[in-house]
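Read through the structure below, which is laid out as structure tokens, and then see the notes.
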Amino acid sequence: MKRGFSLFYMLAIIIILNSLLLMGLKYAKFSKRVSVNDIFLQKARLFLQNSIELSLLAISGYDRSKKLNCLQKIKIISKDKNFIADIKIKRYFISKNFKNFCQNAKMIESDESNAMVLMQITVTNNPKSKKIKENIKLVKQTLQKI
């Protein structure tokens with residue numbers, strides 16, 4: 001009779017240990033996936049900041065001499081083709097020194113800045129990229145000096 005109870009207790013302990021080990025494996029896979037997604041999210045944030053700088057460079061080098069047109073949209077693809085940045089330039093704020101700048105420009109009175117730009121940056125993961133499993137979308141609206 002004692003052997004029957006000890007066999008039952010040993011089976012119960014083995015089942016409990018197995019279930020604990022299986023739960024541990026499940027959470028280990030989950031934490032790996034979360035850390036990989038965090039890495040890509042950090043890369044997307046860095047790409048967003050880089051896109052702001054690149055768009056300011058594109059705005060400063062744009063030729064506005066034709067019919068008062070200004071740059072309205074910019075699309076930037078990351079070097080590794082994992083992220084796409086869509087930049088929409090909502091409004092230019094310019095001082096009175098720059099007459100006939102462009103159509104969506106608004107005049108401001110400021111001695112400290114000649115021109116500023118209000119833009120909205122949307123960074124998404126490239127759907128063609130197979131490295132990123134989860135969808136990433138970052139949106140930032142910023143006012144920058146040009």
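Each chain of the structure tokens is named A, B, ... in the order shown, its residues numbered from 1; ligands are numbered from 1 in display order.
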
Select from chain A everything DSSP, run on the backbone, classes as helix (DSSP H, G or I), then give the selection as a PyMOL selection string.
-> chain A and resi 2-60

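Neighbouring residues of Lys73 of chain A at 10 Å or closer, counting only C-alpha atoms and skipping chain neighbours under 5 positions away, are A:Ser55, A:Asp86, A:Ile87, A:Lys88, A:Ile89, A:Lys90, A:Met119, A:Gln120, A:Ile121.
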
For the residues in the current selection, export N, CA and C atoms as a tab-separated table (two decimals), in the first residue's frame.
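Saved file out.tsv follows:
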```
chain	number	residue	atom	x	y	z
A	55	SER	N	15.02	65.52	-44.29
A	55	SER	CA	13.98	66.35	-44.92
A	55	SER	C	14.35	67.83	-44.84
A	86	ASP	N	7.30	58.78	-44.53
A	86	ASP	CA	6.50	59.68	-45.35
A	86	ASP	C	6.41	61.01	-44.61
A	87	ILE	N	6.95	62.06	-45.23
A	87	ILE	CA	6.97	63.37	-44.60
A	87	ILE	C	6.03	64.28	-45.36
A	88	LYS	N	5.07	64.85	-44.64
A	88	LYS	CA	4.14	65.81	-45.23
A	88	LYS	C	4.44	67.17	-44.62
A	89	ILE	N	4.74	68.11	-45.48
A	89	ILE	CA	5.04	69.46	-45.01
A	89	ILE	C	3.73	70.23	-45.02
A	90	LYS	N	3.29	70.57	-43.82
A	90	LYS	CA	1.97	71.20	-43.69
A	90	LYS	C	2.02	72.70	-43.97
A	119	MET	N	6.01	70.05	-40.05
A	119	MET	CA	5.91	68.81	-40.83
A	119	MET	C	5.46	67.65	-39.96
A	120	GLN	N	4.84	66.70	-40.62
A	120	GLN	CA	4.38	65.48	-39.96
A	120	GLN	C	5.12	64.31	-40.58
A	121	ILE	N	5.80	63.56	-39.72
A	121	ILE	CA	6.60	62.42	-40.18
A	121	ILE	C	5.92	61.14	-39.73
```

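When atom CA of Leu20 of chain A is paired with atom CA of Lys133 of chain A, their separation reads 28.1 Å.
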
Would you work out the distance separating atom CA of Lys81 of chain A from atom CA of Leu46 of chain A, expressed in Å to one decimal?
-> 14.2 Å

Find the residues near Arg91 of chain A: any atom within 8 Å, counting only C-alpha atoms, skip ones fewer than 4 places away on the same chain, and give them as a PyMOL selection string.
-> chain A and resi 104-106+117-119

Mind checking which residues fall within 12 Å of Ile77 of chain A, counting only C-alpha atoms, ignoring those fewer than 3 positions away in the same chain, and posting them as a ChimeraX atom specification?
-> /A:44,47-48,50-51,54,74,80-87,122-126,129

Restricted to C-alpha atoms, what would the selected residues look like written as a short mmCIF file (atom, residue, chain, number, x, y, z; two decimals), in the first residue's frame?
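Output file part_32.cif follows:
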```cif
data_model
loop_
_atom_site.label_atom_id
_atom_site.label_comp_id
_atom_site.auth_asym_id
_atom_site.auth_seq_id
_atom_site.Cartn_x
_atom_site.Cartn_y
_atom_site.Cartn_z
CA ALA A 44 12.46 53.01 -36.20
CA PHE A 47 15.24 56.46 -38.43
CA LEU A 48 12.49 58.98 -37.60
CA ASN A 50 17.30 60.84 -39.18
CA SER A 51 14.36 61.47 -41.53
CA LEU A 54 17.25 64.55 -44.16
CA ILE A 74 9.11 63.62 -49.10
CA ASP A 80 18.43 48.41 -45.15
CA LYS A 81 14.93 48.86 -46.66
CA ASN A 82 13.20 47.98 -43.37
CA PHE A 83 11.48 51.34 -42.82
CA ILE A 84 9.71 53.97 -44.90
CA ALA A 85 9.28 57.59 -43.83
CA ASP A 86 6.50 59.68 -45.35
CA ILE A 87 6.97 63.37 -44.60
CA THR A 122 5.14 58.90 -40.35
CA VAL A 123 7.57 55.99 -40.12
CA THR A 124 6.23 52.53 -40.91
CA ASN A 125 7.90 49.22 -41.47
CA ASN A 126 8.31 48.11 -45.05
CA SER A 129 10.76 43.28 -45.42
#
```

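The residue that comes closest to Lys131 of chain A, out of A:Met107, A:Ala58, A:Val36, A:Cys102 and on the basis of only C-alpha atoms, is A:Val36.
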
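Going from atom CA of Met10 of chain A to atom CA of Tyr27 of chain A covers 26.0 Å.
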